[in-house]
Amino acid sequence: MPGSVQNAAPATVLPLSLSRAFSHEREYPVLDNEYRDGESQRSAQASNSRKRWRLAKRLTPAQLAALRDFYDARKGPAEPFYFYDPYETNPKFSPDPTGQAAAGRYAVRFAGEWSQSVSLGRADVSIELIEVA
């Protein structure tokens with residue numbers, strides 16, 4: 001059908017590296033109409049939540065280069081990939097680098113621009129991921 005948007009089709013998995021900070025959020029999209037008399041009307045746009053992860057990583061120069069290459073290969077936030085939520089894999093904290101295991105796997109994209117700070121021998125990188133499908 002002309003003009004229709006295809007679902008995301010990830011082909012790769014975010015490289016594994018430890019996070020020094022990890023947060024997971026769920027957002028339920030809602031239409032909210034506010035009226036002049038102070039009343040409001042809300043309706044859910046989806047029955048499932050949209051998930052978002054914020055990761056802070058302290059990386060060696062080699063790990064930083066690998067993650068930056070991965071980010072650039074996805075054209076920043078343009079292309080989707082798989083991410084394994086470490087708390088949902090089976091067994092926990094064991095992501096599948098091939099992307100075949102379904103437990104804890106999400107199709108995501110980067111949700112922002114690249115940001116890093118460098119200190120002696122390590123680089124701190126903060127990334128945000130948002131679920132796409």
# chains A, B, ... in the order shown; residues from 1 in each chain; ligands from 1
$ select_by_dssp --residues "region 18-61 of chain A" --states "strand (DSSP E)" --output "ChimeraX atom specification"
/A:21-27,30-34,40-44,50-59
$ closest_atom_pairs --of "region 99-121 of chain A" --to "region 47-55 of chain A" --cutoff "10 Å" --atoms "only C-alpha atoms" --output "JSON lines"
{"residue": "A:Tyr106", "atom": "CA", "partner": "A:Lys51", "partner_atom": "CA", "distance": 9.0}
{"residue": "A:Val108", "atom": "CA", "partner": "A:Arg52", "partner_atom": "CA", "distance": 8.6}
{"residue": "A:Arg109", "atom": "CA", "partner": "A:Arg52", "partner_atom": "CA", "distance": 9.8}
{"residue": "A:Phe110", "atom": "CA", "partner": "A:Trp53", "partner_atom": "CA", "distance": 9.7}
{"residue": "A:Ala111", "atom": "CA", "partner": "A:Arg52", "partner_atom": "CA", "distance": 8.7}
$ write_last_selection --atoms "C-alpha atoms" --output "PDB file, in the first residue's frame"
ATOM      1  CA  TYR A 106      13.314  -5.469  22.483  1.00  0.00           C
ATOM      2  CA  VAL A 108      14.868  -0.223  20.006  1.00  0.00           C
ATOM      3  CA  ARG A 109      16.613   2.799  18.550  1.00  0.00           C
ATOM      4  CA  PHE A 110      18.874   5.441  20.038  1.00  0.00           C
ATOM      5  CA  ALA A 111      16.771   8.285  21.419  1.00  0.00           C
TER       6      ALA A 111
END
$ closest_residue --among "A:Glu27, A:Glu79, A:Asp37, A:Glu128" --to "Glu113 (chain A)" --atoms "only C-alpha atoms"
A:Glu128
$ closest_residue --among "A:Ser94, A:Leu64, A:His24, A:Leu16" --to "Gly121 (chain A)" --atoms "only C-alpha atoms"
A:Leu64
$ closest_residue --among "A:Ala62, A:Val30, A:Leu120, A:Ala46" --to "Ser17 (chain A)" --atoms "only C-alpha atoms"
A:Ala62
$ select_by_dssp --residues "chain A" --states "alpha helix (DSSP H)" --output "PyMOL selection string"
chain A and resi 61-73
$ residues_around --residues "Val125 (chain A)" --least-positions-apart "2" --cutoff "6 Å" --atoms "only C-alpha atoms" --output "list in words"
Ala56, Lys57 and Gln116 of chain A
$ write_last_selection --atoms "N, CA and C atoms" --output "compact mmCIF listing (two decimals), in the first residue's frame"
# COMPACT_ATOMS: atom_id res chain seq x y z
N ALA A 56 24.34 4.44 31.49
CA ALA A 56 25.59 5.19 31.60
C ALA A 56 26.70 4.15 31.64
N LYS A 57 27.69 4.32 30.80
CA LYS A 57 28.75 3.33 30.68
C LYS A 57 30.11 3.99 30.87
N GLN A 116 29.63 12.06 25.22
CA GLN A 116 30.67 11.37 25.96
C GLN A 116 31.53 12.37 26.69
$ atom_distance --atom1 "CA of Gly104 (chain A)" --atom2 "CA of Phe22 (chain A)"
15.2 Å
$ closest_residue --among "A:Arg74, A:Arg36, A:Ser43, A:Phe81" --to "Thr98 (chain A)" --atoms "only C-alpha atoms"
A:Phe81
$ closest_residue --among "A:Leu31, A:Leu129, A:Val118, A:Tyr84" --to "Gly99 (chain A)" --atoms "only C-alpha atoms"
A:Tyr84
$ residues_around --residues "Asp32 (chain A)" --least-positions-apart "5" --cutoff "9 Å" --atoms "only C-alpha atoms" --output "list in words"
Ser40, Gln41, Arg42, Ser43 and Ala44 of chain A
